[in-house]
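Engineer: One file: start01.cif (mmCIF, C-alpha atoms).
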```cif
data_entry
loop_
_atom_site.label_atom_id
_atom_site.label_comp_id
_atom_site.auth_asym_id
_atom_site.auth_seq_id
_atom_site.Cartn_x
_atom_site.Cartn_y
_atom_site.Cartn_z
CA GLN A 104 0.00 0.00 0.00
CA VAL A 105 1.23 3.48 -0.85
CA GLN A 106 2.24 5.66 2.09
CA LEU A 107 1.27 9.32 1.84
CA GLU A 108 2.47 12.30 3.84
CA GLU A 109 0.85 15.71 3.57
CA SER A 110 2.36 19.04 4.55
CA GLY A 111 1.82 22.74 4.02
CA GLY A 112 -1.30 23.43 6.03
CA GLY A 113 -1.62 26.40 8.31
CA LEU A 114 -3.48 29.57 9.15
CA VAL A 115 -4.11 32.13 6.43
CA GLN A 116 -6.35 35.15 6.01
CA ALA A 117 -9.20 35.15 3.55
CA GLY A 118 -7.91 35.95 0.08
CA GLY A 119 -4.54 34.42 0.81
CA SER A 120 -2.79 31.38 -0.62
CA LEU A 121 -1.32 28.11 0.57
CA ARG A 122 0.36 25.22 -1.17
CA LEU A 123 -0.16 21.71 0.13
CA SER A 124 2.24 18.89 -0.66
CA CYS A 125 1.73 15.15 -0.63
CA ARG A 126 4.77 12.92 -0.87
CA THR A 127 4.25 9.30 -1.88
CA SER A 128 6.29 6.22 -1.01
CA ALA A 129 5.80 4.82 -4.51
CA PRO A 130 6.68 6.32 -7.89
CA ILE A 131 3.85 8.54 -9.04
CA PHE A 132 3.83 6.96 -12.50
CA SER A 133 2.78 3.69 -10.83
CA ILE A 134 -0.32 5.30 -9.28
CA ASN A 135 -3.54 5.50 -11.27
CA ALA A 136 -4.81 8.71 -9.72
CA MET A 137 -4.00 11.04 -6.89
CA GLY A 138 -6.39 13.44 -5.33
CA TRP A 139 -7.17 15.80 -2.53
CA TYR A 140 -10.17 15.60 -0.25
CA ARG A 141 -11.18 17.77 2.67
CA GLN A 142 -13.30 17.48 5.77
CA ALA A 143 -14.64 20.51 7.55
CA PRO A 144 -15.73 20.31 11.20
CA GLY A 145 -19.06 18.54 11.48
CA LYS A 146 -19.20 17.74 7.78
CA ARG A 147 -18.54 14.74 5.59
CA ARG A 148 -15.28 14.35 3.71
CA GLU A 149 -15.60 15.80 0.20
CA TRP A 150 -13.56 15.46 -2.94
CA VAL A 151 -11.57 18.52 -4.03
CA ALA A 152 -9.35 17.67 -6.98
CA VAL A 153 -7.76 14.78 -8.85
CA ILE A 154 -4.83 14.26 -11.19
CA GLN A 155 -4.78 11.12 -13.30
CA ARG A 156 -1.78 9.13 -14.46
CA ASP A 157 -2.05 10.87 -17.86
CA ALA A 158 -1.85 14.23 -16.02
CA SER A 159 -5.44 15.16 -16.74
CA THR A 160 -7.08 17.05 -13.87
CA ASN A 161 -10.52 17.71 -12.53
CA TYR A 162 -11.90 19.90 -9.76
CA ALA A 163 -14.92 20.26 -7.55
CA GLY A 164 -17.07 23.18 -8.54
CA SER A 165 -16.44 24.98 -5.27
CA VAL A 166 -12.69 25.26 -5.93
CA LYS A 167 -12.49 25.41 -9.72
CA GLY A 168 -10.54 28.45 -10.81
CA ARG A 169 -8.96 28.91 -7.38
CA PHE A 170 -7.15 25.62 -6.73
CA THR A 171 -4.63 23.87 -8.95
CA ILE A 172 -3.44 20.28 -8.58
CA SER A 173 -0.07 19.36 -10.04
CA ARG A 174 2.71 16.85 -9.57
CA HIS A 175 6.47 16.55 -9.65
CA ASN A 176 7.26 13.05 -10.85
CA ALA A 177 10.93 13.06 -9.89
CA GLU A 178 10.05 14.04 -6.32
CA ASN A 179 7.01 11.72 -6.10
CA THR A 180 5.02 14.68 -4.87
CA VAL A 181 1.59 16.04 -5.66
CA TYR A 182 0.71 19.64 -4.89
CA LEU A 183 -2.47 21.57 -4.30
CA GLN A 184 -2.02 25.28 -4.88
CA MET A 185 -4.87 27.12 -3.18
CA ASN A 186 -5.50 30.76 -4.05
CA SER A 187 -8.22 33.21 -3.08
CA LEU A 188 -8.94 31.19 0.01
CA LYS A 189 -12.27 31.60 1.76
CA PRO A 190 -13.29 30.82 5.34
CA GLU A 191 -15.40 27.96 3.98
CA ASP A 192 -12.20 26.33 2.73
CA THR A 193 -11.27 25.65 6.35
CA ALA A 194 -10.86 21.90 6.73
CA VAL A 195 -8.45 19.05 7.20
CA TYR A 196 -7.09 18.26 3.75
CA TYR A 197 -6.28 14.65 2.91
CA CYS A 198 -4.19 13.23 0.11
CA ASN A 199 -5.53 10.13 -1.64
CA ALA A 200 -3.94 7.63 -4.01
CA VAL A 201 -5.63 4.95 -6.08
CA SER A 202 -3.31 2.22 -7.30
CA GLY A 203 -4.96 -0.83 -8.78
CA ILE A 204 -7.68 -1.84 -6.35
CA ALA A 205 -5.97 -0.21 -3.37
CA THR A 206 -6.81 3.20 -2.00
CA SER A 207 -4.46 4.98 0.37
CA TRP A 208 -4.94 8.03 2.56
CA GLY A 209 -2.63 10.40 4.32
CA LYS A 210 -3.19 11.59 7.87
CA GLY A 211 -4.27 15.04 6.76
CA THR A 212 -3.10 18.61 7.18
CA LEU A 213 -5.20 21.37 8.70
CA VAL A 214 -6.00 24.51 6.74
CA THR A 215 -7.64 27.37 8.61
CA VAL A 216 -8.83 30.46 6.76
CA SER A 217 -9.71 33.43 8.92
CA SER A 218 -12.17 36.10 7.86
#
```
In structure tokens, write the structure found in this file.

Structural biologist:
Amino acid sequence: QVQLEESGGGLVQAGGSLRLSCRTSAPIFSINAMGWYRQAPGKRREWVAVIQRDASTNYAGSVKGRFTISRHNAENTVYLQMNSLKPEDTAVYYCNAVSGIATSWGKGTLVTVSS
């Protein structure tokens, strides 16, 4: 199973930016898809963005145009660049990897956006 480690969370004011990183224990080219999810207090975990093996990307409507998912193959790292942050973006952000029939999750990194 792929091990994932997120970093980059923190406290930011509304309108600010943060970049999250997710480092994998396996080569990214061996992973079918990598994504970011988030879970706000008292809410269910929701999908945010995905990058496929062929580098195609997709985003949830609530973050489209503000967030960008990308990867650095040589560093086995996936990024989530978050711009124009809003208080409603406050959540624990989780990295996800789908490889074959296995799904892996990181432990999460907290993002807090103050108004």

Engineer: So, counting only C-alpha atoms, which residue among A:Gly138, A:Arg147, A:Ser128, A:His175 is closest to A:Thr160?

Structural biologist: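 Counting only C-alpha atoms, the residue closest to A:Thr160 is A:Gly138.
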
Engineer: Can you list what the PyMOL selection byres ((chain A and resi 157) around 9) grabs from this structure, as a PDB file with C-alpha atoms, keeping the file's coordinate frame?

Structural biologist:
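Dumped to out_39.pdb:
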```pdb
ATOM      1  CA  PHE A 132       3.830   6.960 -12.500  1.00  0.00           C
ATOM      2  CA  ASN A 135      -3.540   5.500 -11.270  1.00  0.00           C
ATOM      3  CA  ALA A 136      -4.810   8.710  -9.720  1.00  0.00           C
ATOM      4  CA  ILE A 154      -4.830  14.260 -11.190  1.00  0.00           C
ATOM      5  CA  GLN A 155      -4.780  11.120 -13.300  1.00  0.00           C
ATOM      6  CA  ARG A 156      -1.780   9.130 -14.460  1.00  0.00           C
ATOM      7  CA  ALA A 158      -1.850  14.230 -16.020  1.00  0.00           C
ATOM      8  CA  SER A 159      -5.440  15.160 -16.740  1.00  0.00           C
ATOM      9  CA  THR A 160      -7.080  17.050 -13.870  1.00  0.00           C
TER      10      THR A 160
END
```

Engineer: For the structure shown, which residues end up in the PyMOL selection byres ((chain A and resi 126) around 6)? Put them as a ChimeraX atom specification, please?

Structural biologist: /A:107-108,125,127,179-180

Engineer: Residues as selected, C-alpha atoms, written as a short mmCIF file (atom, residue, chain, number, x, y, z; two decimals), keeping the file's coordinate frame, can you do that?

Structural biologist:
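Saved to part-v5.cif:
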```
data_model
loop_
_atom_site.label_atom_id
_atom_site.label_comp_id
_atom_site.auth_asym_id
_atom_site.auth_seq_id
_atom_site.Cartn_x
_atom_site.Cartn_y
_atom_site.Cartn_z
CA LEU A 107 1.27 9.32 1.84
CA GLU A 108 2.47 12.30 3.84
CA CYS A 125 1.73 15.15 -0.63
CA THR A 127 4.25 9.30 -1.88
CA ASN A 179 7.01 11.72 -6.10
CA THR A 180 5.02 14.68 -4.87
#
```

Engineer: Apply the PyMOL selection byres ((chain A and resi 113) around 10) to the structure shown and report the selected residues as an MDAnalysis selection string.

Structural biologist: chainID A and resid 110:112 114:115 121:123 193 212:216

Engineer: Which residue out of A:Asn199, A:Asn186, A:Gln104, A:Ser120 has the minimum interatomic distance to A:Gly211 when all atoms listed in the file are used?

Structural biologist: A:Asn199

Engineer: Using only C-alpha atoms, which of A:Ser187, A:Val153, A:Ser217, A:Ser207 sits nearest A:Gln106?

Structural biologist: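 Closest to A:Gln106, using only C-alpha atoms: A:Ser207.
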